[in-house]
$ cat entry_0.cif   # mmCIF, C-alpha atoms
data_coords
loop_
_atom_site.label_atom_id
_atom_site.label_comp_id
_atom_site.auth_asym_id
_atom_site.auth_seq_id
_atom_site.Cartn_x
_atom_site.Cartn_y
_atom_site.Cartn_z
CA MET J 1 46.71 93.04 3.75
CA PHE J 2 47.13 92.05 0.11
CA GLY J 3 50.65 90.76 0.81
CA ALA J 4 49.41 88.78 3.81
CA ALA J 5 46.57 87.30 1.76
CA ALA J 6 48.94 86.36 -1.07
CA ALA J 7 51.40 84.76 1.35
CA THR J 8 48.58 82.78 3.01
CA LEU J 9 47.28 81.61 -0.37
CA TYR J 10 50.76 80.50 -1.39
CA TYR J 11 51.21 78.65 1.90
CA LEU J 12 47.89 76.83 1.55
CA LEU J 13 48.27 75.92 -2.14
CA ARG J 14 51.93 74.95 -2.26
CA PRO J 15 52.60 71.22 -2.93
CA VAL J 16 53.38 69.06 0.09
CA THR J 17 56.22 66.56 -0.39
CA LEU J 18 56.09 63.35 1.65
CA ARG J 19 59.06 61.03 2.06
CA ILE J 20 58.12 57.39 1.50
CA ALA J 21 60.39 54.49 2.40
CA VAL J 22 60.16 51.52 0.04
CA GLY J 23 62.36 48.55 -0.86
CA PRO J 24 64.13 46.51 -1.94
CA PRO J 25 65.63 48.22 -5.01
CA GLY J 26 64.10 47.06 -8.29
CA SER J 27 61.09 45.46 -6.59
CA ASP J 28 57.52 45.83 -7.82
CA ASP J 29 56.81 48.03 -4.80
CA GLN J 30 59.56 50.47 -5.72
CA LYS J 31 58.44 50.56 -9.36
CA LEU J 32 54.86 51.32 -8.34
CA ILE J 33 55.79 54.08 -5.89
CA GLN J 34 58.22 55.57 -8.43
CA LEU J 35 55.40 55.65 -10.99
CA MET J 36 53.11 57.31 -8.44
CA ALA J 37 55.72 59.98 -7.73
CA GLN J 38 56.19 60.69 -11.45
CA THR J 39 52.44 60.81 -12.10
CA PHE J 40 51.74 63.15 -9.19
CA ALA J 41 54.52 65.50 -10.31
CA ARG J 42 53.33 65.43 -13.92
CA GLU J 43 49.75 66.20 -12.89
CA ASN J 44 50.87 69.05 -10.57
CA SER J 45 49.11 67.33 -7.67
CA ALA J 46 48.94 68.84 -4.20
CA ILE J 47 50.85 65.90 -2.69
CA ARG J 48 54.25 64.83 -4.06
CA LEU J 49 56.27 61.74 -3.14
CA SER J 50 60.01 61.57 -2.50
CA LEU J 51 61.35 58.00 -2.52
CA ILE J 52 63.76 56.65 0.07
CA THR J 53 65.01 53.26 -1.15
CA THR J 54 65.63 50.68 1.58
CA PRO J 55 66.84 47.04 1.61
CA GLY J 56 63.35 45.89 2.56
CA ALA J 57 60.12 46.46 4.46
CA VAL J 58 61.74 46.06 7.88
CA GLU J 59 64.14 48.93 7.19
CA SER J 60 61.29 51.02 5.76
CA ILE J 61 59.32 50.57 8.97
CA ALA J 62 62.37 51.57 11.01
CA LEU J 63 62.68 54.84 9.07
CA LEU J 64 58.99 55.57 9.65
CA ALA J 65 59.28 54.85 13.37
CA ALA J 66 62.36 57.11 13.64
CA GLY J 67 60.53 60.00 11.96
CA ASN J 68 62.85 59.97 8.92
CA ALA J 69 59.94 59.24 6.57
CA GLU J 70 56.27 60.22 6.57
CA LEU J 71 55.16 57.06 4.73
CA ALA J 72 56.36 53.48 4.31
CA VAL J 73 55.45 50.42 2.25
CA ALA J 74 55.16 47.31 4.41
CA ARG J 75 53.31 44.07 5.02
CA GLY J 76 50.56 44.21 7.60
CA ASP J 77 51.91 41.32 9.67
CA LEU J 78 55.32 42.87 10.32
CA ASN J 79 56.24 44.61 13.57
CA LEU J 80 54.57 47.94 12.80
CA PRO J 81 54.75 50.99 15.09
CA ALA J 82 51.79 51.36 17.43
CA THR J 83 50.83 54.63 15.73
CA ALA J 84 50.92 53.24 12.17
CA GLU J 85 47.70 53.39 10.18
CA SER J 86 46.89 52.40 6.60
CA VAL J 87 46.53 54.78 3.68
CA ALA J 88 46.03 52.36 0.76
CA ILE J 89 46.32 48.64 0.15
CA LEU J 90 48.76 48.07 -2.71
CA ARG J 91 47.95 44.36 -3.04
CA LYS J 92 46.91 41.23 -1.16
CA ASN J 93 49.63 38.61 -0.64
CA VAL J 94 48.16 35.11 -0.61
CA VAL J 95 49.78 31.96 0.81
CA VAL J 96 50.37 29.17 -1.72
CA LEU J 97 51.30 25.73 -0.33
CA TRP J 98 52.03 22.74 -2.54
CA ALA J 99 53.83 19.42 -2.53
CA PRO J 100 55.50 17.63 -5.46
CA SER J 101 53.87 14.49 -6.83
CA GLY J 102 57.09 12.98 -8.17
CA ILE J 103 58.30 12.13 -11.68
CA ALA J 104 56.87 8.99 -13.29
CA PRO J 105 59.50 6.44 -14.40
CA LYS J 106 60.12 6.18 -18.12
CA GLY J 107 57.65 3.88 -19.80
CA SER J 108 55.27 3.93 -16.87
CA LYS J 109 51.70 4.97 -17.56
CA LYS J 110 50.89 5.37 -13.89
CA THR J 111 50.43 8.97 -12.70
CA PRO J 112 52.57 9.74 -9.64
CA VAL J 113 50.68 10.59 -6.45
CA ALA J 114 51.96 13.24 -4.03
CA LYS J 115 53.13 11.96 -0.67
CA ILE J 116 51.59 14.98 1.07
CA LYS J 117 47.96 15.54 0.13
CA SER J 118 46.75 17.85 2.89
CA LEU J 119 47.93 20.33 5.48
CA ASP J 120 47.60 17.71 8.23
CA GLU J 121 50.31 15.58 6.63
CA LEU J 122 53.04 18.24 6.84
CA ALA J 123 54.23 17.08 10.27
CA GLY J 124 57.70 15.62 9.98
CA HIS J 125 58.27 17.01 6.47
CA ARG J 126 60.51 19.94 5.57
CA VAL J 127 58.91 22.99 3.93
CA GLY J 128 60.84 25.23 1.58
CA VAL J 129 59.77 28.86 2.05
CA VAL J 130 60.53 31.36 -0.71
CA GLY J 131 61.84 34.64 0.68
CA ARG J 132 64.32 35.50 3.40
CA THR J 133 61.90 37.45 5.57
CA GLN J 134 60.97 35.86 8.87
CA ALA J 135 57.40 37.07 8.37
CA ASN J 136 56.76 34.15 5.97
CA VAL J 137 58.03 31.65 8.53
CA LYS J 138 55.90 33.26 11.24
CA LEU J 139 52.85 33.03 8.98
CA LEU J 140 53.52 29.33 8.25
CA ARG J 141 53.79 28.59 11.97
CA THR J 142 50.51 30.41 12.60
CA ILE J 143 48.80 28.29 9.92
CA LEU J 144 50.22 25.07 11.34
CA THR J 145 49.25 25.94 14.89
CA GLU J 146 45.66 26.79 13.97
CA ALA J 147 45.46 23.55 11.98
CA GLY J 148 46.41 21.60 15.10
CA ILE J 149 49.91 20.74 13.92
CA ASN J 150 52.94 21.09 16.15
CA ALA J 151 54.94 23.74 14.30
CA ASP J 152 58.18 22.51 15.90
CA LYS J 153 57.77 19.21 14.01
CA VAL J 154 57.78 20.98 10.63
CA PRO J 155 61.33 22.07 9.78
CA VAL J 156 61.73 25.07 7.48
CA SER J 157 64.35 25.98 4.87
CA GLN J 158 64.30 29.49 3.41
CA PHE J 159 65.38 30.25 -0.15
CA ALA J 160 65.95 33.60 -1.82
CA VAL J 161 63.96 34.44 -4.94
CA ASN J 162 67.05 33.73 -7.04
CA GLN J 163 67.44 30.23 -5.55
CA LEU J 164 64.31 28.60 -6.98
CA ALA J 165 66.24 26.04 -9.02
CA GLU J 166 68.31 25.09 -5.97
CA MET J 167 65.11 24.72 -3.92
CA ALA J 168 63.55 22.44 -6.53
CA ARG J 169 66.62 20.16 -6.57
CA ASP J 170 66.81 19.92 -2.77
CA GLN J 171 65.43 16.43 -2.07
CA THR J 172 65.10 17.14 1.65
CA VAL J 173 62.34 19.65 0.92
CA GLU J 174 58.96 17.93 0.55
CA ALA J 175 56.61 20.93 0.40
CA TYR J 176 56.83 24.53 -0.70
CA MET J 177 55.34 27.87 0.28
CA THR J 178 55.24 31.31 -1.30
CA VAL J 179 53.55 34.51 -0.16
CA GLY J 180 52.70 37.03 -2.86
CA PRO J 181 49.97 38.39 -5.13
CA LEU J 182 47.98 35.93 -7.24
CA ASN J 183 49.74 37.06 -10.39
CA SER J 184 53.17 36.91 -8.77
CA LYS J 185 55.88 35.89 -11.22
CA ILE J 186 57.91 34.53 -8.30
CA THR J 187 55.13 32.11 -7.33
CA VAL J 188 54.63 30.94 -10.93
CA ASP J 189 58.39 30.48 -11.44
CA ALA J 190 58.65 28.51 -8.18
CA ILE J 191 55.78 26.20 -9.18
CA ASN J 192 57.26 25.67 -12.66
CA ALA J 193 60.73 24.98 -11.22
CA THR J 194 59.49 22.33 -8.79
CA ALA J 195 57.17 20.78 -11.41
CA ALA J 196 60.07 20.37 -13.85
CA VAL J 197 62.27 18.62 -11.28
CA ARG J 198 59.87 17.00 -8.80
CA GLY J 199 56.63 16.55 -10.75
CA GLU J 200 53.24 18.23 -10.88
CA PRO J 201 52.27 20.16 -7.72
CA LYS J 202 49.58 19.09 -5.32
CA PHE J 203 48.14 22.29 -3.86
CA LEU J 204 47.32 22.13 -0.16
CA PRO J 205 44.19 24.02 0.91
CA ILE J 206 44.20 25.89 4.20
CA ASP J 207 40.83 24.78 5.55
CA VAL J 208 41.26 26.79 8.75
CA SER J 209 41.49 30.11 6.91
CA GLU J 210 38.28 31.44 8.48
CA THR J 211 39.51 30.51 11.94
CA ILE J 212 42.83 32.22 11.32
CA SER J 213 41.15 35.43 10.13
CA LYS J 214 39.02 35.55 13.29
CA LYS J 215 41.85 34.84 15.70
CA HIS J 216 44.41 36.93 13.82
CA PRO J 217 42.55 39.85 12.19
CA ILE J 218 45.70 40.97 10.37
CA TYR J 219 45.12 37.95 8.08
CA GLU J 220 42.10 37.41 5.83
CA ALA J 221 40.46 34.31 4.39
CA GLU J 222 40.88 34.10 0.61
CA GLU J 223 40.38 31.71 -2.28
CA ILE J 224 42.86 30.86 -5.02
CA PRO J 225 40.94 30.48 -8.30
CA GLY J 226 41.46 27.39 -10.42
CA SER J 227 44.04 27.54 -13.23
CA ILE J 228 45.42 30.85 -11.91
CA PHE J 229 49.01 29.54 -12.11
CA GLY J 230 48.62 27.66 -15.39
CA SER J 231 45.90 26.22 -17.58
CA SER J 232 47.59 23.26 -19.27
CA PRO J 233 47.71 21.45 -16.98
CA ALA J 234 45.40 23.36 -14.65
CA ARG J 235 47.24 24.68 -11.61
CA PRO J 236 45.33 24.32 -9.37
CA GLU J 237 42.56 22.17 -10.77
CA ASP J 238 39.91 23.84 -8.64
CA LYS J 239 39.68 26.75 -6.24
CA ILE J 240 41.37 26.26 -2.88
CA ASP J 241 41.11 28.05 0.46
CA THR J 242 44.03 30.09 1.74
CA VAL J 243 44.88 33.19 3.79
CA SER J 244 46.17 36.56 2.72
CA VAL J 245 47.96 39.51 4.26
CA ASN J 246 47.82 43.09 3.01
CA HIS J 247 50.81 44.90 1.55
CA LEU J 248 50.10 48.58 2.05
CA ILE J 249 51.19 52.17 2.47
CA ILE J 250 51.24 53.15 6.12
CA ALA J 251 51.49 56.54 7.83
CA PRO J 252 51.75 57.68 11.45
CA LYS J 253 48.53 58.77 13.07
CA SER J 254 50.07 62.21 13.67
CA LEU J 255 50.30 62.98 9.94
CA ALA J 256 47.75 65.68 9.06
CA ASP J 257 44.32 64.35 8.07
CA THR J 258 44.05 66.77 5.15
CA THR J 259 47.42 65.63 3.79
CA VAL J 260 46.59 61.93 4.01
CA GLY J 261 43.11 62.52 2.59
CA ALA J 262 44.57 64.37 -0.39
CA LEU J 263 47.11 61.57 -0.93
CA ALA J 264 44.40 58.88 -0.82
CA ARG J 265 42.30 60.88 -3.28
CA GLN J 266 45.22 61.15 -5.68
CA ILE J 267 46.04 57.43 -5.46
CA PHE J 268 42.51 56.24 -6.22
CA THR J 269 41.86 58.97 -8.78
CA HIS J 270 44.95 57.97 -10.77
CA ARG J 271 44.67 54.21 -10.15
CA GLN J 272 43.44 53.39 -13.66
CA GLN J 273 46.08 55.64 -15.20
CA LEU J 274 48.76 53.91 -13.12
CA ALA J 275 47.42 50.48 -14.13
CA ARG J 276 47.83 51.31 -17.82
CA GLU J 277 51.53 51.87 -17.27
CA LEU J 278 52.07 49.21 -14.58
CA PRO J 279 49.46 46.39 -14.40
CA THR J 280 50.16 45.69 -10.71
CA ALA J 281 48.57 49.05 -9.87
CA SER J 282 45.15 47.54 -10.65
CA GLN J 283 45.40 45.65 -7.34
CA ILE J 284 45.31 48.85 -5.27
CA GLU J 285 42.37 48.77 -2.85
CA LYS J 286 40.86 50.99 -0.19
CA PRO J 287 41.72 50.11 3.41
CA ASP J 288 39.20 49.08 6.04
CA THR J 289 37.66 52.20 7.62
CA ASP J 290 36.27 50.26 10.59
CA LYS J 291 37.86 51.62 13.77
CA ASP J 292 38.05 48.06 15.15
CA ALA J 293 40.11 46.81 12.20
CA ALA J 294 43.48 45.20 12.96
CA LEU J 295 45.16 48.03 11.05
CA PRO J 296 42.58 50.81 10.70
CA ALA J 297 42.63 53.37 7.98
CA HIS J 298 44.16 56.74 8.77
CA GLN J 299 41.48 59.24 9.69
CA GLY J 300 42.29 61.35 6.63
CA ALA J 301 42.00 58.36 4.27
CA ALA J 302 38.83 57.18 6.02
CA ALA J 303 37.23 60.61 5.59
CA TYR J 304 37.90 60.47 1.84
CA ILE J 305 36.70 56.86 1.48
CA ASP J 306 33.52 57.44 3.52
CA GLY J 307 32.82 60.78 1.84
CA ASN J 308 33.17 62.71 5.09
CA GLU J 309 35.92 65.11 4.04
CA ARG J 310 35.42 68.59 5.43
CA THR J 311 35.76 71.69 3.29
CA PHE J 312 38.27 74.43 4.03
CA LEU J 313 35.60 76.53 5.76
CA GLU J 314 34.41 73.56 7.83
CA ARG J 315 37.94 72.76 8.95
CA ASN J 316 38.83 76.34 9.80
CA THR J 317 35.54 77.85 11.02
CA ASP J 318 36.82 78.27 14.57
CA LEU J 319 40.06 79.78 13.31
CA ILE J 320 38.25 82.22 11.02
CA TRP J 321 35.86 83.38 13.74
CA GLY J 322 38.75 83.64 16.17
CA ALA J 323 40.68 85.77 13.68
CA ILE J 324 37.63 88.02 13.18
CA MET J 325 37.30 88.51 16.91
CA VAL J 326 41.01 89.24 17.29
CA LEU J 327 40.96 91.74 14.42
CA SER J 328 37.85 93.36 15.88
CA GLY J 329 39.60 93.69 19.23
CA ILE J 330 42.71 95.11 17.58
CA GLY J 331 40.55 97.62 15.67
CA SER J 332 38.80 98.72 18.85
CA ALA J 333 42.10 99.04 20.68
CA TRP J 334 43.56 101.07 17.82
CA ALA J 335 40.54 103.38 17.80
CA TRP J 336 40.88 103.95 21.54
CA LEU J 337 44.61 104.63 21.26
CA ARG J 338 44.03 107.02 18.39
CA HIS J 339 41.35 108.79 20.40
CA TYR J 340 43.73 108.99 23.36
CA TRP J 341 46.62 110.33 21.29
CA ASN J 342 44.42 113.07 19.74
CA ARG J 343 42.93 114.31 22.99
CA GLU J 344 45.04 117.53 22.94
CA GLU J 345 43.90 118.36 19.41
CA ARG J 346 40.27 117.83 20.40
CA GLU J 347 40.76 120.15 23.35
CA ARG J 348 42.33 122.70 21.02
CA TYR J 349 39.38 122.33 18.64
CA ALA J 350 36.93 123.02 21.46
CA GLU J 351 38.91 126.12 22.39
CA HIS J 352 38.91 127.31 18.76
CA ARG J 353 35.18 126.74 18.50
CA ASP J 354 34.56 128.80 21.63
CA ASN J 355 36.90 131.54 20.36
CA LEU J 356 35.02 131.68 17.07
CA LEU J 357 31.72 132.07 18.92
CA ASP J 358 33.33 134.91 20.95
CA LEU J 359 34.44 136.60 17.71
CA ILE J 360 30.82 136.66 16.57
CA SER J 361 29.91 138.72 19.65
CA LYS J 362 32.96 140.95 19.26
CA ALA J 363 32.23 141.49 15.56
CA ARG J 364 28.79 142.87 16.39
CA ALA J 365 30.40 145.38 18.78
CA ALA J 366 33.38 146.42 16.58
CA GLU J 367 33.88 150.19 16.11
CA THR J 368 36.17 150.28 13.07
CA PRO J 369 36.74 148.28 9.88
CA GLU J 370 40.26 147.59 11.05
CA GLU J 371 38.91 145.63 14.03
CA LEU J 372 36.70 143.57 11.75
CA LEU J 373 39.63 142.87 9.45
CA GLU J 374 41.70 141.70 12.38
CA MET J 375 38.87 139.46 13.54
CA GLN J 376 38.58 137.93 10.06
CA GLY J 377 42.28 137.04 10.19
CA MET J 378 41.76 135.36 13.54
CA ALA J 379 38.78 133.43 12.14
CA ASP J 380 40.86 132.24 9.17
CA ALA J 381 43.57 130.98 11.55
CA LEU J 382 40.96 129.15 13.64
CA LEU J 383 39.54 127.52 10.49
CA ARG J 384 42.99 126.40 9.36
CA GLU J 385 43.71 124.70 12.69
CA ALA J 386 40.26 123.07 12.70
CA LEU J 387 40.97 121.58 9.26
CA GLU J 388 44.32 120.23 10.50
CA CYS J 389 42.58 118.57 13.44
CA HIS J 390 40.11 116.97 11.02
CA GLU J 391 42.90 115.63 8.82
CA ASP J 392 44.60 114.09 11.87
CA GLY J 393 41.38 112.35 12.83
CA ALA J 394 40.99 114.26 16.07
CA ILE J 395 37.53 115.56 15.10
CA GLU J 396 34.73 114.07 13.02
CA ASP J 397 32.84 115.50 10.07
CA GLY J 398 30.09 116.70 12.39
CA ASP J 399 32.56 118.76 14.41
CA LEU J 400 33.88 120.33 11.22
CA ALA J 401 30.34 121.14 10.14
CA ALA J 402 29.79 122.94 13.48
CA ILE J 403 32.87 125.04 12.80
CA GLY J 404 31.50 125.85 9.34
CA LEU J 405 28.17 126.93 10.80
CA ALA J 406 29.89 129.18 13.36
CA LEU J 407 32.11 130.65 10.64
CA GLU J 408 29.06 131.39 8.50
CA GLN J 409 27.45 133.25 11.41
CA PHE J 410 30.68 135.17 11.95
CA ARG J 411 30.69 136.31 8.31
CA HIS J 412 27.09 137.46 8.57
CA ALA J 413 27.96 139.35 11.75
CA VAL J 414 30.95 141.02 10.05
CA ALA J 415 28.87 141.96 7.01
CA ASP J 416 26.11 143.43 9.17
CA ARG J 417 28.63 145.36 11.24
CA ARG J 418 30.40 146.73 8.19
CA ALA J 419 27.07 147.99 6.89
CA THR J 420 26.31 149.58 10.24
CA ILE J 421 29.73 151.26 10.54
CA GLY J 422 29.55 152.57 6.95
CA THR J 423 26.12 154.28 7.56
CA ALA J 424 27.06 155.87 10.86
CA GLU J 425 30.39 157.28 9.74
CA PRO J 426 29.08 160.31 7.63
CA ASP J 427 26.72 161.52 10.47
CA THR J 428 29.59 161.44 12.94
CA GLN J 429 31.82 163.52 10.62
CA ARG J 430 29.04 166.11 10.05
CA LEU J 431 28.50 166.50 13.82
CA ARG J 432 32.18 167.07 14.40
CA ALA J 433 32.25 169.78 11.61
CA LEU J 434 29.33 171.69 13.14
CA GLN J 435 30.95 171.61 16.56
CA SER J 436 34.20 173.00 15.12
#
$ encode --input "entry_0.cif" --output "structure tokens"
Amino acid sequence: MFGAAAATLYYLLRPVTLRIAVGPPGSDDQKLIQLMAQTFARENSAIRLSLITTPGAVESIALLAAGNAELAVARGDLNLPATAESVAILRKNVVVLWAPSGIAPKGSKKTPVAKIKSLDELAGHRVGVVGRTQANVKLLRTILTEAGINADKVPVSQFAVNQLAEMARDQTVEAYMTVGPLNSKITVDAINATAAVRGEPKFLPIDVSETISKKHPIYEAEEIPGSIFGSSPARPEDKIDTVSVNHLIIAPKSLADTTVGALARQIFTHRQQLARELPTASQIEKPDTDKDAALPAHQGAAAYIDGNERTFLERNTDLIWGAIMVLSGIGSAWAWLRHYWNREERERYAEHRDNLLDLISKARAAETPEELLEMQGMADALLREALECHEDGAIEDGDLAAIGLALEQFRHAVADRRATIGTAEPDTQRLRALQS
């Protein structure tokens, strides 16, 4: 029982390692997850992370769907598996749209004015989208459609993050778009690159952000604060409306609630510690626990966030009571089997008890000390066998006490008979002498 208890305790308390797919290599996502894995291991946490580096979020989702990873880092608007649920929001990616105002000619005191001043004026103008993922293009088309603009009339050119200078020099591109966190270095570098070559940016507000969030719940309405991308000059000059999409850790619904709950607890418990080593960790947020959310929180994470986590006893009450009932049944069955196996010894005990009672009667009628001595030997043998039956469990303490009581009566009977035989023996000898 001790070994079984120790093995069960080891099984319950051993760390659980979850494989998490994240990419691309060297990205902020990979750095954050790597820091999480190191922190959890250093703190001897119950949940450990094992990184699987992928080329990008699409490949990470594929690994999750194939069952080759328990977790994945992905954007909420990608083609996620139907069973995917959120564990934690790593950051919010906001859409930034701007158009160049142009460079003023030398000697001119007139400030250039951007050709495109609003979202409605994008029709017929090419937009340069930073990032090779098709998710950004899909998001742009959603914005254009909800704004009443024919998306087919807005051509798109995609540029990798290392092609910002090339994008800024491309004169066919008349507006730009990035999708990333507010403090994204990529967004700031893209704005600075276009400003240096094409003039100060004119930021384009997405006035239909509320409509988009209602029609497409995976997106949320957000605001870009003024001067967030630069203060001299202010970029933007004032706050502007936009939309955002969550970048998060996802897990299949089938992953154990207790495991996901423990992981969520670790993430939010160590969030401040992670932020001290990697500032982007400060953007980690709790997912939406509403069951009607576009990407609801995993039940384990929701239980932690809402404070509804169940204790070990609450989770396993049925199992514990079931085990008690099974053990009780096994104990009863064992007792019955033991009683059945010892039936011959009990029968032998009953025979010995009856024989001992017979010896009491015979002892009172014995004629010689030799008969009494022989009876005492028989009584000793009966006692020895009764003790063996007791040791085997065939008889209870009460049965052994009955044997002791009968043996005590036998001894009294022997003692009385010895006294009687000893008194009568001289008279018998004297009578025989007189007759001779």
$ atom_distance --input "entry_0.cif" --atom1 "CA of Leu122 (chain J)" --atom2 "CA of Val95 (chain J)"
15.3 Å
$ resolve_selection --input "entry_0.cif" --expression "the PyMOL selection byres ((chain J and resi 144) around 12)" --output "PyMOL selection string"
chain J and resi 97+118-123+127+137-143+145-155+206-209+212
$ closest_atom_pairs --input "entry_0.cif" --of "region 1-35 of chain J" --to "region 284-290 of chain J" --cutoff "12 Å" --atoms "only C-alpha atoms" --output "Markdown table"
| residue | atom | partner | partner_atom | distance |
| --- | --- | --- | --- | --- |
| J:Asp29 | CA | J:Ile284 | CA | 11.5 |
| J:Leu32 | CA | J:Ile284 | CA | 10.3 |
| J:Ile33 | CA | J:Ile284 | CA | 11.7 |
$ atom_distance --input "entry_0.cif" --atom1 "CA of His298 (chain J)" --atom2 "CA of Lys253 (chain J)"
6.5 Å
$ resolve_selection --input "entry_0.cif" --expression "the PyMOL selection byres ((chain J and resi 81) around 10)" --output "VMD selection string"
chain J and resid 61 to 62 64 to 66 78 to 80 82 to 85 250 to 252
$ residues_around --input "entry_0.cif" --residues "Gly307 (chain J)" --least-positions-apart "6" --cutoff "12 Å" --atoms "only C-alpha atoms" --output "PyMOL selection string"
chain J and resi 261+265+289+299-301
$ write_last_selection --input "entry_0.cif" --atoms "C-alpha atoms" --output "PDB file, in the frame of the given file"
ATOM      1  CA  GLY J 261      43.110  62.520   2.590  1.00  0.00           C
ATOM      2  CA  ARG J 265      42.300  60.880  -3.280  1.00  0.00           C
ATOM      3  CA  THR J 289      37.660  52.200   7.620  1.00  0.00           C
ATOM      4  CA  GLN J 299      41.480  59.240   9.690  1.00  0.00           C
ATOM      5  CA  GLY J 300      42.290  61.350   6.630  1.00  0.00           C
ATOM      6  CA  ALA J 301      42.000  58.360   4.270  1.00  0.00           C
TER       7      ALA J 301
END
$ closest_residue --input "entry_0.cif" --among "J:Ile320, J:Leu387, J:Ala363, J:Leu337" --to "Arg411 (chain J)" --atoms "all atoms listed in the file"
J:Ala363
$ residues_around --input "entry_0.cif" --residues "region 34-40 of chain J" --least-positions-apart "5" --cutoff "6 Å" --atoms "only C-alpha atoms" --output "list of chain:residue names"
J:Ser45, J:Arg48, J:Leu49
$ atom_distance --input "entry_0.cif" --atom1 "CA of Thr17 (chain J)" --atom2 "CA of Ile267 (chain J)"
14.6 Å
$ closest_residue --input "entry_0.cif" --among "J:Ala168, J:Val179, J:Leu9, J:Ala366" --to "Ala99 (chain J)" --atoms "all atoms listed in the file"
J:Ala168
$ residues_around --input "entry_0.cif" --residues "Phe229 (chain J)" --least-positions-apart "2" --cutoff "10 Å" --atoms "only C-alpha atoms" --output "list of chain:residue names"
J:Leu182, J:Asn183, J:Ser184, J:Lys185, J:Thr187, J:Val188, J:Asp189, J:Ile191, J:Asn192, J:Ile224, J:Pro225, J:Gly226, J:Ser227, J:Ser231, J:Ser232, J:Pro233, J:Ala234, J:Arg235, J:Pro236, J:Glu237
$ resolve_selection --input "entry_0.cif" --expression "the PyMOL selection byres ((chain J and resi 222) around 6)" --output "PyMOL selection string"
chain J and resi 221+223+242-243
$ write_last_selection --input "entry_0.cif" --atoms "C-alpha atoms" --output "PDB file, keeping the file's coordinate frame"
ATOM      1  CA  ALA J 221      40.460  34.310   4.390  1.00  0.00           C
ATOM      2  CA  GLU J 223      40.380  31.710  -2.280  1.00  0.00           C
ATOM      3  CA  THR J 242      44.030  30.090   1.740  1.00  0.00           C
ATOM      4  CA  VAL J 243      44.880  33.190   3.790  1.00  0.00           C
TER       5      VAL J 243
END
$ closest_residue --input "entry_0.cif" --among "J:Ala303, J:Val197, J:Ile52, J:Val96" --to "Val260 (chain J)" --atoms "only C-alpha atoms"
J:Ala303
$ decode --input "entry_0.cif" --residues "region 77-88 of chain J" --atoms "N, CA and C atoms" --output "PDB file, in the first residue's frame"
ATOM      1  N   ASP J  77      -6.946  35.245 -36.617  1.00  0.00           N
ATOM      2  CA  ASP J  77      -7.695  35.265 -37.871  1.00  0.00           C
ATOM      3  C   ASP J  77      -7.161  34.285 -38.902  1.00  0.00           C
ATOM      4  N   LEU J  78      -6.240  33.409 -38.483  1.00  0.00           N
ATOM      5  CA  LEU J  78      -5.759  32.379 -39.399  1.00  0.00           C
ATOM      6  C   LEU J  78      -6.746  31.211 -39.421  1.00  0.00           C
ATOM      7  N   ASN J  79      -6.488  30.243 -40.270  1.00  0.00           N
ATOM      8  CA  ASN J  79      -7.371  29.087 -40.402  1.00  0.00           C
ATOM      9  C   ASN J  79      -7.086  28.099 -39.269  1.00  0.00           C
ATOM     10  N   LEU J  80      -7.703  28.354 -38.115  1.00  0.00           N
ATOM     11  CA  LEU J  80      -7.446  27.539 -36.929  1.00  0.00           C
ATOM     12  C   LEU J  80      -8.306  26.274 -36.957  1.00  0.00           C
ATOM     13  N   PRO J  81      -7.829  25.201 -36.318  1.00  0.00           N
ATOM     14  CA  PRO J  81      -8.655  23.992 -36.208  1.00  0.00           C
ATOM     15  C   PRO J  81      -9.951  24.283 -35.458  1.00  0.00           C
ATOM     16  N   ALA J  82     -10.972  23.533 -35.770  1.00  0.00           N
ATOM     17  CA  ALA J  82     -12.282  23.763 -35.143  1.00  0.00           C
ATOM     18  C   ALA J  82     -12.241  23.548 -33.638  1.00  0.00           C
ATOM     19  N   THR J  83     -11.290  22.726 -33.169  1.00  0.00           N
ATOM     20  CA  THR J  83     -11.217  22.417 -31.739  1.00  0.00           C
ATOM     21  C   THR J  83     -10.260  23.335 -30.987  1.00  0.00           C
ATOM     22  N   ALA J  84      -9.671  24.312 -31.675  1.00  0.00           N
ATOM     23  CA  ALA J  84      -8.680  25.187 -31.028  1.00  0.00           C
ATOM     24  C   ALA J  84      -9.363  26.170 -30.096  1.00  0.00           C
ATOM     25  N   GLU J  85      -8.775  26.363 -28.935  1.00  0.00           N
ATOM     26  CA  GLU J  85      -9.264  27.334 -27.958  1.00  0.00           C
ATOM     27  C   GLU J  85      -8.071  28.102 -27.395  1.00  0.00           C
ATOM     28  N   SER J  86      -8.327  29.277 -26.858  1.00  0.00           N
ATOM     29  CA  SER J  86      -7.242  30.153 -26.422  1.00  0.00           C
ATOM     30  C   SER J  86      -6.829  29.861 -24.979  1.00  0.00           C
ATOM     31  N   VAL J  87      -5.538  30.023 -24.737  1.00  0.00           N
ATOM     32  CA  VAL J  87      -4.979  29.860 -23.395  1.00  0.00           C
ATOM     33  C   VAL J  87      -4.552  31.208 -22.833  1.00  0.00           C
ATOM     34  N   ALA J  88      -3.886  32.019 -23.652  1.00  0.00           N
ATOM     35  CA  ALA J  88      -3.441  33.352 -23.236  1.00  0.00           C
ATOM     36  C   ALA J  88      -3.222  34.201 -24.475  1.00  0.00           C
TER      37      ALA J  88
END
